[in-house]
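Visitor: Take a look at the following structure, please.
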Amino acid sequence: MISSAWTWGFDMTTSTTLNPISAHWFDGQHGAAQPVEVTLHGGNLHFAGRQLPLQHVRWPERTRHGQRLLLLRDAGVLRFTDATAFDAWAEASGQLPSWVERWQLSWPRALTSLMLVSLLLAVAWRWGLPWASDQIVERIPLSAEQPIGDQAMAYIDKELLRPSQLSPAEQAAWQQRLDQMLATARAAGVMGPQGLTRPLELKFRQTSATLGPNAFALPGGPICITDELIELMKDEPDALLTILAHEIGHVHHRHGLRIGLRAMAVTALASVWLGDYSSLLNGLPIVLATNAYSRDHEREADAYARELARAGGVNPARIAVFFERLREKYGHSAESPLAISFSSHPADSERIAFFTKPEGSPAPQN
């Protein structure tokens with residue numbers, strides 16, 4: 001197969017005359033090849049009584065094995081079966097391999113190139129992709145997140161959740177507690193997610209055994225809380241509100257959109273290049289429903305939750321009770337199905353220490 005990269009002809013001012021070299025000429029008009037002798041003189045290629053200026057000749061990149069070709073403008077192709085003789089003939093004329101050819105024909109250099117490319121891809125994946133996804137998030141308007149969250153919620157409802165068994169009065173009471181925390185925090189100068197066109201609304205659901213006591217947030221503000229979590233923590237409203245504050249932290253920092261874009265890296269980059277986000281946004285709901293946040297995101301949401309809870313008149317230290325009850329119910333298994341205690345979260349002991357530290361303490365570091 002001929003490479004798409006071309007090595008162009010010789011120095012047109014050369015007066016070098018080279019010994020003839022055997023070739024087969026395919027003129028493009030007849031099926032059979034014609035044996036010819038090819039030579040170079042005065043900046044022209046001579047063969048079969050023809051004279052062709054070298055600017056009309058293209059020299060494909062060489063390969064380690066196989067024949068050599070010269071592509072002739074409006075005159076067909078010259079094929080040289082003796083690759084070694086052709087390479088010596090071409091180099092004697094001043095037609096030296098490019099550095100790309102030399103690297104391709106050298107195993108040590110090819111392996112070095114592979115290692116460098118692999119390293120570059122690893123660096124791009126570890127640091128470049130997160131940076132790029134964050135830049136893309138800044139370009140997507142907040143108004144576009146809400147339909148994504150709604151679609152993701154519909155997908156999760158269909159696959160994992162059932163209607164809540166809580167009474168309307170119970171649901172209204174928990175929504176009122178959340179609204180009161182947010183109102184008190186705003187009055188203290190701590191704002192919830194900005195740019196949302198509707199209030200933060202709790203979605204009450206009952207789960208299968210797969211999810212258990214759970215809460216999670218989706219882009220644009222839908223925050224789902226399960227009957228099982230309310231049953232587990234109904235006597236600890238401050239702990240439950242701190243969990244919800246953690247989920248609001250994910251909405252505030254747009255973590256859902258960020259992980260979705262990282263998971264759809266190729267589509268995301270293509271969307272930036274083409275300026276068309278429709279295919280990207282249409283595929284995000286399922287991605288969001290099947291990906292967990294990174295530990296950095298969880299720590300960021302924890303820091304936001306502690307600040308929001310304290311400003312909202314809630315004691316975030318009570319979340320320690322939640323982790324204690326989880327351990328009693330599920331043990332210390334790293335395979336816990338709970339979103340609030342996924343393996344991507346920092347260790348429970350680290351989080352308890354963070355939430356119980358005095359006001360002004362920094363977030364835990366990696």
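By convention in this document, the chains of the structure tokens carry letters A, B, ... by their order, each chain's residues are numbered from 1, and ligands are numbered from 1 in the order they are shown.
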Excluding Arg306 of chain A and its own-chain neighbours fewer than 3 positions away, which residues fall within 8 Å of it when counting only C-alpha atoms? Please give them as a list in words.

Guide: Thr242, Ala245, His246, Asp302, Ala303, Ala309, Arg310, Pro316 and Phe355 of chain A

Visitor: Would you please give, as a ChimeraX atom specification, all residues of segment 4-247 of chain A that DSSP assigns to helix (DSSP H, G or I) based on the backbone?

Guide: /A:54-56,83-92,99-104,107-139,142-159,168-187,227-233,237-247

Visitor: Could you check the closest approach to Ile243 of chain A for each of A:Ala188, A:Val137, A:Leu257, A:Ala320 and tell me which residue wins, using only C-alpha atoms?

Guide: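 Ranked by minimum distance to Ile243 of chain A, first place goes to A:Ala320.
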
Visitor: Figure out the distance between atom CA of Gly220 of chain A and atom CA of Asp150 of chain A, please, to one decimal in Å.

Guide: 8.1 Å
